Amino acid sequence: MKIMVSACLLGQNCKYNGGNNYSEKVVRYVKGHEVIPVCPEVAGGLPIPRIPCEIVDGVVTNKEGESKDREFRRGARRCLNKALEEKVDMAILQSRSPSCGVKQIYDGTFSGKRVEGRGVFADLLIENGVKVVDVENLDDEGNYGYATIFEG
């Protein structure tokens with residue numbers, strides 16, 4: 001099986017703050033499968049580290065009020081194209097990210113409040129028929145329930 005994974009979940013230091021979201025659950029789940037790590041934000045040309053971004057009124061904006069929507073959407077398209085070219089079977093994405101959030105994102109106030117919604121990359125994947133799983137839906141054995149798969 002080919003699995004696209006948010007690179008931060010595999011320990012790549014590509015988060016906005018220069019860190020990662022390494023997940024042992026993800027590493028266990030993808031063992032023995034072909035793994036395609038991606039970071040849409042880096043693919044869109046954003047630096048590491050970078051100013052935190054959230055989706056504000058449908059536009060990805062950084063904490064200083066600057067639109068980074070073009071970069072986020074460019075990176076999302078690039079990673080979507082890679083997913084389609086590679087014919088990935090599924091993607092495991094980082095929760096709450098303005099790129100990769102599957103079920104929830106931050107509300108755009110930079111206050112830590114969460115709302116239902118999707119990041120721009122997760123949304124593109126789902127719209128294009130790619131199965132998407134939020135990392136938080138993997139259990140301790142690295143399994144997920146079918147109810148947690150999001151499909152277009």
# chains A, B, ... in the order shown; residues from 1 in each chain; ligands from 1
>>> closest_atom_pairs(of="range 87-106 of chain A", to="range 28-52 of chain A", cutoff="12 Å", atoms="only C-alpha atoms", output="Markdown table")
| residue | atom | partner | partner_atom | distance |
| --- | --- | --- | --- | --- |
| A:Lys87 | CA | A:Ile36 | CA | 10.8 |
| A:Val88 | CA | A:Ile36 | CA | 8.4 |
| A:Asp89 | CA | A:Glu34 | CA | 10.0 |
| A:Met90 | CA | A:Val35 | CA | 10.2 |
| A:Ala91 | CA | A:Ile36 | CA | 9.0 |
| A:Ile92 | CA | A:Val30 | CA | 9.5 |
| A:Leu93 | CA | A:Val38 | CA | 9.6 |
| A:Gln94 | CA | A:Cys39 | CA | 10.1 |
| A:Ser97 | CA | A:Pro52 | CA | 10.0 |
| A:Pro98 | CA | A:Glu41 | CA | 9.2 |
| A:Ser99 | CA | A:Pro40 | CA | 6.7 |
| A:Cys100 | CA | A:Pro40 | CA | 8.2 |
| A:Gly101 | CA | A:Pro40 | CA | 11.8 |
| A:Tyr106 | CA | A:Pro52 | CA | 11.0 |
>>> select_by_dssp(residues="range 13-151 of chain A", states="alpha helix (DSSP H)", output="PyMOL selection string")
chain A and resi 24-30+40-43+69-86+120-127
>>> closest_residue(among="A:Val115, A:Ala83, A:Cys8, A:Val102", to="Asp134 in chain A", atoms="only C-alpha atoms")
A:Val102
>>> atom_distance(atom1="CA of Lys63 in chain A", atom2="CA of Thr109 in chain A")
8.6 Å
>>> closest_residue(among="A:Val59, A:Leu84, A:Cys53, A:Leu9", to="Lys131 in chain A", atoms="only C-alpha atoms")
A:Leu84
>>> closest_residue(among="A:Asn13, A:Arg74, A:Ile3, A:Leu80", to="Ile126 in chain A", atoms="only C-alpha atoms")
A:Leu80
>>> atom_distance(atom1="CA of Arg78 in chain A", atom2="CA of Gly129 in chain A")
16.0 Å
>>> closest_residue(among="A:Gly108, A:Lys103, A:Glu85, A:Glu54", to="Tyr16 in chain A", atoms="only C-alpha atoms")
A:Glu54
